[in-house]
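What follows is the content of start.csv (CSV, C-alpha atoms and all ligand atoms).
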chain,number,residue,atom,x,y,z
C,1,MET,CA,0.0,0.0,0.0
C,2,ASN,CA,1.3,3.4,-0.9
C,3,LYS,CA,1.8,5.7,2.1
C,4,ASN,CA,0.2,9.1,2.2
C,5,LEU,CA,2.2,12.1,1.1
C,6,TRP,CA,1.3,15.2,3.2
C,7,ILE,CA,1.6,18.8,2.0
C,8,VAL,CA,0.3,20.9,4.8
C,9,ALA,CA,0.0,24.7,4.3
C,10,ASN,CA,0.2,26.8,7.5
C,11,TRP,CA,-0.9,30.3,6.7
C,12,LYS,CA,-0.3,31.5,10.3
C,13,SER,CA,-2.0,34.9,10.9
C,14,ASN,CA,-2.3,35.9,7.2
C,15,LYS,CA,-4.9,36.6,4.5
C,16,THR,CA,-8.2,38.4,4.5
C,17,ILE,CA,-11.3,36.5,3.2
C,18,ALA,CA,-10.8,38.0,-0.2
C,19,GLU,CA,-7.2,37.0,-0.3
C,20,ALA,CA,-8.0,33.5,0.9
C,21,LEU,CA,-10.7,33.0,-1.7
C,22,GLU,CA,-8.3,34.3,-4.4
C,23,TRP,CA,-5.8,31.6,-3.3
C,24,VAL,CA,-8.4,28.8,-3.3
C,25,THR,CA,-9.8,29.6,-6.7
C,26,GLN,CA,-6.3,29.8,-8.2
C,27,VAL,CA,-4.7,26.8,-6.5
C,28,GLY,CA,-7.7,24.5,-6.3
C,29,PRO,CA,-8.1,23.7,-10.0
C,30,GLN,CA,-4.4,23.2,-10.4
C,31,LEU,CA,-4.0,20.5,-7.8
C,32,PRO,CA,-3.3,16.9,-8.8
C,33,HIS,CA,-6.1,14.5,-7.8
C,34,GLN,CA,-4.2,11.6,-6.3
C,35,GLU,CA,-5.5,9.4,-3.6
C,36,THR,CA,-2.3,9.3,-1.5
C,37,LEU,CA,-1.7,13.1,-1.8
C,38,GLN,CA,-3.1,14.9,1.2
C,39,VAL,CA,-3.1,18.6,0.6
C,40,VAL,CA,-4.2,20.3,3.8
C,41,LEU,CA,-4.8,24.0,4.1
C,42,CYS,CA,-4.7,25.5,7.6
C,43,PRO,CA,-5.9,29.2,7.4
C,44,THR,CA,-7.1,31.4,10.2
C,45,ILE,CA,-10.5,30.6,11.8
C,46,SER,CA,-11.9,33.9,10.4
C,47,VAL,CA,-11.8,32.7,6.8
C,48,LEU,CA,-12.6,29.0,7.4
C,49,SER,CA,-16.3,29.1,6.6
C,50,GLU,CA,-15.9,31.0,3.3
C,51,VAL,CA,-12.9,28.9,2.3
C,52,LYS,CA,-14.8,25.7,3.0
C,53,LYS,CA,-17.7,26.8,0.7
C,54,ALA,CA,-15.3,27.6,-2.1
C,55,ILE,CA,-13.5,24.2,-1.8
C,56,THR,CA,-16.9,22.4,-1.8
C,57,VAL,CA,-18.3,24.3,-4.7
C,58,GLY,CA,-15.1,23.8,-6.8
C,59,GLY,CA,-14.7,20.1,-5.8
C,60,TYR,CA,-11.0,20.8,-5.0
C,61,PRO,CA,-8.8,18.1,-3.4
C,62,ILE,CA,-8.0,20.2,-0.4
C,63,ARG,CA,-8.5,19.2,3.3
C,64,LEU,CA,-9.1,21.9,5.8
C,65,GLY,CA,-7.4,22.3,9.1
C,66,VAL,CA,-6.9,24.7,12.0
C,67,GLN,CA,-3.6,25.9,13.4
C,68,ASP,CA,-4.6,25.3,17.0
C,69,LEU,CA,-7.7,24.4,19.1
C,70,SER,CA,-8.9,24.4,22.7
C,71,PRO,CA,-7.5,21.9,25.2
C,72,PHE,CA,-11.1,21.9,26.7
C,73,GLY,CA,-14.4,20.7,25.4
C,74,ILE,CA,-17.5,22.8,24.6
C,75,GLY,CA,-18.4,25.2,27.5
C,76,ALA,CA,-17.4,28.3,29.5
C,77,TYR,CA,-14.0,28.8,27.9
C,78,THR,CA,-14.0,32.4,26.6
C,79,GLY,CA,-12.1,32.9,23.4
C,80,GLU,CA,-11.4,29.2,22.8
C,81,GLU,CA,-12.4,27.1,19.8
C,82,ALA,CA,-13.5,23.6,20.8
C,83,ALA,CA,-12.6,20.7,18.6
C,84,GLN,CA,-16.3,19.5,18.8
C,85,LEU,CA,-17.3,22.8,17.2
C,86,LEU,CA,-14.5,23.1,14.7
C,87,LYS,CA,-15.2,19.6,13.3
C,88,GLU,CA,-18.1,21.1,11.4
C,89,LEU,CA,-15.5,22.9,9.3
C,90,VAL,CA,-12.2,20.9,9.5
C,91,ASN,CA,-10.8,17.4,10.0
C,92,PHE,CA,-7.2,18.3,10.7
C,93,ALA,CA,-5.3,20.4,13.4
C,94,ILE,CA,-1.7,21.6,13.7
C,95,LEU,CA,-0.8,21.3,17.4
C,96,GLY,CA,2.1,22.5,19.5
C,97,HIS,CA,3.7,24.7,16.8
C,98,SER,CA,6.8,26.4,18.3
C,99,GLU,CA,5.3,29.8,17.8
C,100,ARG,CA,2.5,28.8,20.1
C,101,ARG,CA,4.9,27.3,22.6
C,102,LYS,CA,7.0,30.5,22.5
C,103,ASN,CA,4.3,33.2,22.3
C,104,PHE,CA,1.4,31.6,24.2
C,105,GLY,CA,3.1,29.5,26.8
C,106,GLU,CA,1.9,26.1,25.5
C,107,THR,CA,3.4,23.2,27.4
C,108,ASP,CA,3.7,19.5,26.5
C,109,GLU,CA,0.7,18.8,28.9
C,110,ILE,CA,-1.5,21.3,27.1
C,111,ILE,CA,-0.6,20.0,23.7
C,112,ALA,CA,-1.4,16.4,24.8
C,113,LYS,CA,-4.9,17.6,25.9
C,114,LYS,CA,-5.4,19.4,22.6
C,115,LEU,CA,-4.5,16.2,20.7
C,116,GLN,CA,-7.1,14.3,22.9
C,117,GLN,CA,-9.7,16.8,22.0
C,118,ALA,CA,-8.8,16.6,18.3
C,119,GLN,CA,-9.0,12.8,18.3
C,120,GLN,CA,-12.3,12.8,20.1
C,121,ALA,CA,-13.6,15.0,17.3
C,122,GLN,CA,-12.2,12.5,14.7
C,123,MET,CA,-9.7,15.0,13.5
C,124,THR,CA,-6.1,14.2,12.5
C,125,GLY,CA,-3.7,16.0,14.8
C,126,LEU,CA,-0.3,17.0,13.5
C,127,VAL,CA,2.0,17.6,16.5
C,128,CYS,CA,5.1,19.8,15.9
C,129,LEU,CA,8.4,18.7,17.4
C,130,GLN,CA,11.4,20.9,17.8
C,131,GLY,CA,13.7,17.9,17.9
C,132,LEU,CA,14.1,14.4,19.6
C,133,GLU,CA,13.7,16.0,23.0
C,134,THR,CA,10.1,17.1,22.4
C,135,PRO,CA,7.7,14.4,23.9
C,136,ILE,CA,5.2,12.9,21.5
C,137,PRO,CA,1.7,12.6,23.2
C,138,GLN,CA,0.1,9.2,23.5
C,139,GLY,CA,-1.9,8.2,20.5
C,140,CYS,CA,-0.2,10.6,18.1
C,141,THR,CA,0.4,9.2,14.6
C,142,LEU,CA,1.5,12.3,12.7
C,143,VAL,CA,4.3,14.6,13.7
C,144,ALA,CA,6.3,17.4,12.0
C,145,TYR,CA,10.0,17.9,12.8
C,146,GLU,CA,10.5,21.7,12.7
C,147,PRO,CA,13.8,23.0,14.1
C,148,VAL,CA,13.1,26.5,15.4
C,149,TRP,CA,16.1,28.0,13.7
C,150,ALA,CA,14.8,26.8,10.3
C,151,ILE,CA,11.4,28.4,10.5
C,152,GLY,CA,10.9,31.5,8.3
C,153,THR,CA,14.7,31.9,8.0
C,154,GLY,CA,15.3,30.6,4.5
C,155,GLN,CA,17.7,28.1,6.1
C,156,PRO,CA,16.2,24.6,6.1
C,157,ASP,CA,17.7,21.7,7.8
C,158,THR,CA,19.3,19.2,5.4
C,159,PRO,CA,17.0,16.5,4.0
C,160,GLU,CA,19.6,14.0,5.4
C,161,ASN,CA,19.3,15.3,9.0
C,162,ALA,CA,15.6,15.4,8.8
C,163,ASN,CA,15.4,11.9,7.5
C,164,GLN,CA,17.8,10.6,10.2
C,165,LEU,CA,15.7,12.2,12.9
C,166,ALA,CA,12.5,10.7,11.4
C,167,GLU,CA,14.2,7.3,11.4
C,168,GLN,CA,15.2,7.7,15.1
C,169,LEU,CA,11.6,8.7,15.9
C,170,GLN,CA,10.3,5.7,14.2
C,171,LYS,CA,12.7,3.4,16.0
C,172,LEU,CA,11.4,4.8,19.3
C,173,HIS,CA,7.7,5.0,18.5
C,174,GLY,CA,7.1,2.5,15.7
C,175,ASP,CA,6.8,2.6,11.9
C,176,ASP,CA,3.2,3.8,12.1
C,177,LEU,CA,4.4,7.2,13.1
C,178,ALA,CA,4.4,9.4,10.0
C,179,VAL,CA,7.0,12.2,10.1
C,180,LEU,CA,6.9,15.4,8.1
C,181,TYR,CA,9.6,18.1,7.8
C,182,GLY,CA,8.9,21.8,8.2
C,183,GLY,CA,11.1,24.9,8.1
C,184,SER,CA,11.9,27.0,5.0
C,185,VAL,CA,10.5,24.4,2.6
C,186,THR,CA,10.1,25.8,-1.0
C,187,ALA,CA,9.5,24.5,-4.5
C,188,ALA,CA,13.3,24.5,-4.9
C,189,ASN,CA,13.9,22.0,-2.0
C,190,VAL,CA,10.6,20.1,-1.5
C,191,LYS,CA,11.6,17.1,-3.7
C,192,GLU,CA,14.7,16.4,-1.7
C,193,PHE,CA,12.7,16.2,1.5
C,194,ILE,CA,9.8,14.1,0.2
C,195,SER,CA,12.0,11.7,-1.6
C,196,LYS,CA,13.7,10.6,1.7
C,197,PRO,CA,12.4,7.2,2.8
C,198,ASN,CA,11.4,8.1,6.3
C,199,LEU,CA,9.7,11.4,5.6
C,200,SER,CA,6.0,11.5,4.6
C,201,GLY,CA,5.6,15.1,3.6
C,202,VAL,CA,6.2,18.7,4.5
C,203,LEU,CA,4.7,21.5,6.6
C,204,ILE,CA,5.0,24.8,4.8
C,205,GLY,CA,4.6,28.4,6.1
C,206,ASN,CA,5.8,31.3,4.0
C,207,ALA,CA,6.0,29.4,0.7
C,208,SER,CA,2.3,28.3,1.1
C,209,LEU,CA,1.1,31.9,1.0
C,210,ASN,CA,2.0,32.4,-2.7
C,211,GLU,CA,-0.4,30.7,-5.1
C,212,ALA,CA,2.2,30.0,-7.9
C,213,GLU,CA,4.8,28.7,-5.4
C,214,PHE,CA,2.3,26.4,-3.7
C,215,ILE,CA,1.0,25.0,-7.0
C,216,LYS,CA,4.6,24.3,-8.0
C,217,ILE,CA,5.3,22.5,-4.8
C,218,CYS,CA,2.2,20.2,-5.2
C,219,LYS,CA,3.1,19.4,-8.8
C,220,ILE,CA,6.7,18.6,-8.0
C,221,ALA,CA,5.5,16.4,-5.1
C,222,VAL,CA,3.7,14.0,-7.4
C,223,GLU,CA,6.2,14.0,-10.2
Q,301,LIG,P1,8.3,28.4,7.1
Q,301,LIG,O1,7.3,28.0,8.3
Q,301,LIG,O2,7.9,27.4,6.0
Q,301,LIG,O3,7.9,29.8,6.8
Q,301,LIG,O4,9.7,28.2,7.5
Q,301,LIG,C1,7.1,26.6,8.6
Q,301,LIG,C2,6.2,26.5,9.8
Q,301,LIG,O5,6.3,27.4,10.7
Q,301,LIG,O6,5.4,25.6,10.0

Just give me the structure as structure tokens.
Amino acid sequence: MNKNLWIVANWKSNKTIAEALEWVTQVGPQLPHQETLQVVLCPTISVLSEVKKAITVGGYPIRLGVQDLSPFGIGAYTGEEAAQLLKELVNFAILGHSERRKNFGETDEIIAKKLQQAQQAQMTGLVCLQGLETPIPQGCTLVAYEPVWAIGTGQPDTPENANQLAEQLQKLHGDDLAVLYGGSVTAANVKEFISKPNLSGVLIGNASLNEAEFIKICKIAVE
């Protein structure tokens, strides 16, 4: 059985509704339809509903995700977005990104609770790891290795290092753990990462914002 190849776009705190819809209508029709290719778009919550409509109307092969969710269920948690509510719009969640750990004080315990909430809502949780030292919450099957120094700097880790780390993670946690790489991935380097045997895809920030660059990345990925 061919394993899934994940291309996950993390828009972070970018794009108005109009800009998001422009991206979807440009990128959507260009994406290869391939069963094992999982293209996941994680925009801000404020554009989700409109983006979902555009994806559904266009029949585009794009899964929708969030960049974070509440560690709690539905209830009196002002400002939080519960997985049980988000599941009407998305089936995927990035969890424990280093920007959340750094700017919002997220701990490994909180991230483990968030993964539990995501799984109870039948969402796929992608847990971000800064290195081998980051604990992987129980029940996690998808992680992204994202060294902090490689994020947004234009200086990716080497595909060899990333693959070696993925191999070590799989030795520790089993072959069922799918490992992605993230940090300055572009159309120019994506092929090198995804052709490594222990890597199952990429998590992309900056390069996912530009329509032409993202289309290029997805086309290269299936070549
Ligand atoms: P980058 O971000 O691709 O801009 O380096 C990756 C990420 O933060 O997930």

Item checked: Expected answer as a PyMOL selection string: residues within 7 Å of ligand LIG 301 (chain Q), all atoms listed in the file -> chain C and resi 10+146+150-154+182-185+203-207

Next item on the list: Skip C:Ala187 itself and residues of its chain fewer than 3 positions away, then list as a list in words all residues within 7 Å of it, counting only C-alpha atoms.
Entry: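 That gives Val190, Glu213, Lys216 and Ile217 of chain C.
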
What does the file look like for those residues with C-alpha atoms, as a PDB file, keeping the file's coordinate frame?
ATOM      1  CA  VAL C 190      10.600  20.100  -1.500  1.00  0.00           C
ATOM      2  CA  GLU C 213       4.800  28.700  -5.400  1.00  0.00           C
ATOM      3  CA  LYS C 216       4.600  24.300  -8.000  1.00  0.00           C
ATOM      4  CA  ILE C 217       5.300  22.500  -4.800  1.00  0.00           C
TER       5      ILE C 217
END

Next item on the list: Would you list the contacts of C:Thr56 as a VMD selection string, taking every protein, DNA or RNA residue within 12 Å and counting all atoms listed in the file, but skipping same-chain residues closer than 5 positions in sequence?
Entry: chain C and resid 24 to 25 28 49 to 51 61 to 64 89

Note to self: What's the separation between atom CA of C:Asp175 and atom CA of C:Val222, in Å to one decimal place?
What the structure shows: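 If I compute the distance from atom CA of C:Asp175 to atom CA of C:Val222, I get 22.6 Å.
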
Item checked: atom CA of C:Pro137 to atom CA of C:Ser195, distance in Å rounded to a single decimal ->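 Computing it gives 26.9 Å between the two atoms.
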
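Here atom CA of C:Pro159 stands at a distance of 15.7 Å from atom CA of C:Leu5.
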
Next item on the list: Could you give me, as a count of residues only, the residues within 8 Å of C:Ala178, counting only C-alpha atoms and dropping anything in the same chain fewer than 5 positions from it?
Entry: 5

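Taking all atoms listed in the file into account, C:Ala54 lies nearest to C:Ala20 out of the set C:Ile215, C:Ile110, C:Leu85, C:Ala20.
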
Notebook entry, point to check: Contacts of C:Ile45 at 12 Å or less, counting only C-alpha atoms, minus same-chain residues fewer than 2 places along, as a PyMOL selection string?
Noted result: chain C and resi 11-17+20+41-43+47-52+64-69+79-82+85-86+89-90+93

Margin query: Here is a test: counting all atoms listed in the file, which residue of C:Ser70, C:Glu160, C:Gln30, C:Ala83 is nearest to C:Ala121?
Written below: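 Using all atoms listed in the file, C:Ala121 sits closest to C:Ala83.
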
Next item on the list: Would you mind telling me which residue in C:Ser208, C:Gln168, C:Thr124, C:Ser46 lies nearest to C:Trp23 when using all atoms listed in the file?
Entry: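 Of C:Ser208, C:Gln168, C:Thr124, C:Ser46, the one nearest C:Trp23, counting all atoms listed in the file, is C:Ser208.
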
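Among the candidates C:Leu21, C:Ile136, C:Gln122, C:Asn161, the one nearest to C:Lys53 when counting only C-alpha atoms is C:Leu21.
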
Next item on the list: Can you work out which one of C:Gly58, C:Ala166, C:Thr134, C:Ile94 has the shortest atom-to-atom distance to C:Glu109, counting only C-alpha atoms?
Entry: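 Using only C-alpha atoms, the shortest distance to C:Glu109 belongs to C:Thr134.
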
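Across C:Phe92, C:Ala144, C:Gly174, C:Pro71, the tightest approach to C:Glu106 is made by C:Pro71 when counting all atoms listed in the file.
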
Reconstruct all heavy atoms of stretch 152-163 of chain C from the incomplete input and present them as a PDB file, in the frame of the given file.
ATOM      1  N   GLY C 152      10.986  30.094   8.868  1.00  0.00           N
ATOM      2  CA  GLY C 152      10.900  31.500   8.300  1.00  0.00           C
ATOM      3  C   GLY C 152      12.281  32.106   8.116  1.00  0.00           C
ATOM      4  O   GLY C 152      12.364  33.316   7.939  1.00  0.00           O
ATOM      5  N   THR C 153      13.344  31.326   8.098  1.00  0.00           N
ATOM      6  CA  THR C 153      14.700  31.900   8.000  1.00  0.00           C
ATOM      7  C   THR C 153      15.300  31.728   6.591  1.00  0.00           C
ATOM      8  O   THR C 153      16.333  32.311   6.295  1.00  0.00           O
ATOM      9  CB  THR C 153      15.651  31.253   8.992  1.00  0.00           C
ATOM     10  OG1 THR C 153      15.699  29.843   8.704  1.00  0.00           O
ATOM     11  CG2 THR C 153      15.200  31.470  10.415  1.00  0.00           C
ATOM     12  N   GLY C 154      14.685  30.885   5.782  1.00  0.00           N
ATOM     13  CA  GLY C 154      15.300  30.600   4.500  1.00  0.00           C
ATOM     14  C   GLY C 154      16.457  29.604   4.632  1.00  0.00           C
ATOM     15  O   GLY C 154      17.185  29.350   3.666  1.00  0.00           O
ATOM     16  N   GLN C 155      16.633  29.055   5.828  1.00  0.00           N
ATOM     17  CA  GLN C 155      17.700  28.100   6.100  1.00  0.00           C
ATOM     18  C   GLN C 155      17.195  26.774   6.578  1.00  0.00           C
ATOM     19  O   GLN C 155      17.153  26.545   7.787  1.00  0.00           O
ATOM     20  CB  GLN C 155      18.675  28.681   7.108  1.00  0.00           C
ATOM     21  CG  GLN C 155      19.086  30.091   6.755  1.00  0.00           C
ATOM     22  CD  GLN C 155      20.494  30.374   7.111  1.00  0.00           C
ATOM     23  OE1 GLN C 155      20.863  30.379   8.278  1.00  0.00           O
ATOM     24  NE2 GLN C 155      21.301  30.634   6.110  1.00  0.00           N
ATOM     25  N   PRO C 156      16.759  25.921   5.658  1.00  0.00           N
ATOM     26  CA  PRO C 156      16.200  24.600   6.100  1.00  0.00           C
ATOM     27  C   PRO C 156      17.259  23.711   6.669  1.00  0.00           C
ATOM     28  O   PRO C 156      18.455  23.900   6.406  1.00  0.00           O
ATOM     29  CB  PRO C 156      15.656  24.050   4.782  1.00  0.00           C
ATOM     30  CG  PRO C 156      16.460  24.701   3.703  1.00  0.00           C
ATOM     31  CD  PRO C 156      16.815  26.068   4.206  1.00  0.00           C
ATOM     32  N   ASP C 157      16.819  22.753   7.454  1.00  0.00           N
ATOM     33  CA  ASP C 157      17.700  21.700   7.800  1.00  0.00           C
ATOM     34  C   ASP C 157      18.022  20.864   6.576  1.00  0.00           C
ATOM     35  O   ASP C 157      17.334  21.011   5.559  1.00  0.00           O
ATOM     36  CB  ASP C 157      17.054  20.783   8.905  1.00  0.00           C
ATOM     37  CG  ASP C 157      18.094  19.990   9.703  1.00  0.00           C
ATOM     38  OD1 ASP C 157      19.263  19.907   9.249  1.00  0.00           O
ATOM     39  OD2 ASP C 157      17.762  19.452  10.767  1.00  0.00           O
ATOM     40  N   THR C 158      19.027  20.008   6.623  1.00  0.00           N
ATOM     41  CA  THR C 158      19.300  19.200   5.400  1.00  0.00           C
ATOM     42  C   THR C 158      18.294  18.040   5.377  1.00  0.00           C
ATOM     43  O   THR C 158      17.850  17.553   6.419  1.00  0.00           O
ATOM     44  CB  THR C 158      20.716  18.605   5.465  1.00  0.00           C
ATOM     45  OG1 THR C 158      20.801  17.732   6.596  1.00  0.00           O
ATOM     46  CG2 THR C 158      21.770  19.689   5.569  1.00  0.00           C
ATOM     47  N   PRO C 159      17.943  17.611   4.171  1.00  0.00           N
ATOM     48  CA  PRO C 159      17.000  16.500   4.000  1.00  0.00           C
ATOM     49  C   PRO C 159      17.637  15.231   4.744  1.00  0.00           C
ATOM     50  O   PRO C 159      16.895  14.417   5.304  1.00  0.00           O
ATOM     51  CB  PRO C 159      16.966  16.247   2.531  1.00  0.00           C
ATOM     52  CG  PRO C 159      17.291  17.584   1.945  1.00  0.00           C
ATOM     53  CD  PRO C 159      18.269  18.225   2.869  1.00  0.00           C
ATOM     54  N   GLU C 160      18.963  15.110   4.747  1.00  0.00           N
ATOM     55  CA  GLU C 160      19.600  14.000   5.400  1.00  0.00           C
ATOM     56  C   GLU C 160      19.374  13.977   6.898  1.00  0.00           C
ATOM     57  O   GLU C 160      19.012  12.970   7.496  1.00  0.00           O
ATOM     58  CB  GLU C 160      21.127  13.961   5.114  1.00  0.00           C
ATOM     59  CG  GLU C 160      21.506  13.693   3.661  1.00  0.00           C
ATOM     60  CD  GLU C 160      21.145  14.849   2.711  1.00  0.00           C
ATOM     61  OE1 GLU C 160      21.170  16.023   3.152  1.00  0.00           O
ATOM     62  OE2 GLU C 160      20.818  14.560   1.545  1.00  0.00           O
ATOM     63  N   ASN C 161      19.583  15.147   7.521  1.00  0.00           N
ATOM     64  CA  ASN C 161      19.300  15.300   9.000  1.00  0.00           C
ATOM     65  C   ASN C 161      17.878  14.992   9.306  1.00  0.00           C
ATOM     66  O   ASN C 161      17.576  14.302  10.285  1.00  0.00           O
ATOM     67  CB  ASN C 161      19.621  16.715   9.430  1.00  0.00           C
ATOM     68  CG  ASN C 161      21.028  16.857   9.914  1.00  0.00           C
ATOM     69  OD1 ASN C 161      21.740  15.863  10.092  1.00  0.00           O
ATOM     70  ND2 ASN C 161      21.451  18.088  10.130  1.00  0.00           N
ATOM     71  N   ALA C 162      16.987  15.583   8.502  1.00  0.00           N
ATOM     72  CA  ALA C 162      15.600  15.400   8.800  1.00  0.00           C
ATOM     73  C   ALA C 162      15.181  13.941   8.665  1.00  0.00           C
ATOM     74  O   ALA C 162      14.429  13.411   9.484  1.00  0.00           O
ATOM     75  CB  ALA C 162      14.740  16.258   7.791  1.00  0.00           C
ATOM     76  N   ASN C 163      15.728  13.265   7.662  1.00  0.00           N
ATOM     77  CA  ASN C 163      15.400  11.900   7.500  1.00  0.00           C
ATOM     78  C   ASN C 163      15.972  11.011   8.636  1.00  0.00           C
ATOM     79  O   ASN C 163      15.318  10.083   9.125  1.00  0.00           O
ATOM     80  CB  ASN C 163      15.984  11.356   6.159  1.00  0.00           C
ATOM     81  CG  ASN C 163      15.522   9.946   5.859  1.00  0.00           C
ATOM     82  OD1 ASN C 163      14.327   9.715   5.677  1.00  0.00           O
ATOM     83  ND2 ASN C 163      16.443   8.988   5.855  1.00  0.00           N
TER      84      ASN C 163
END
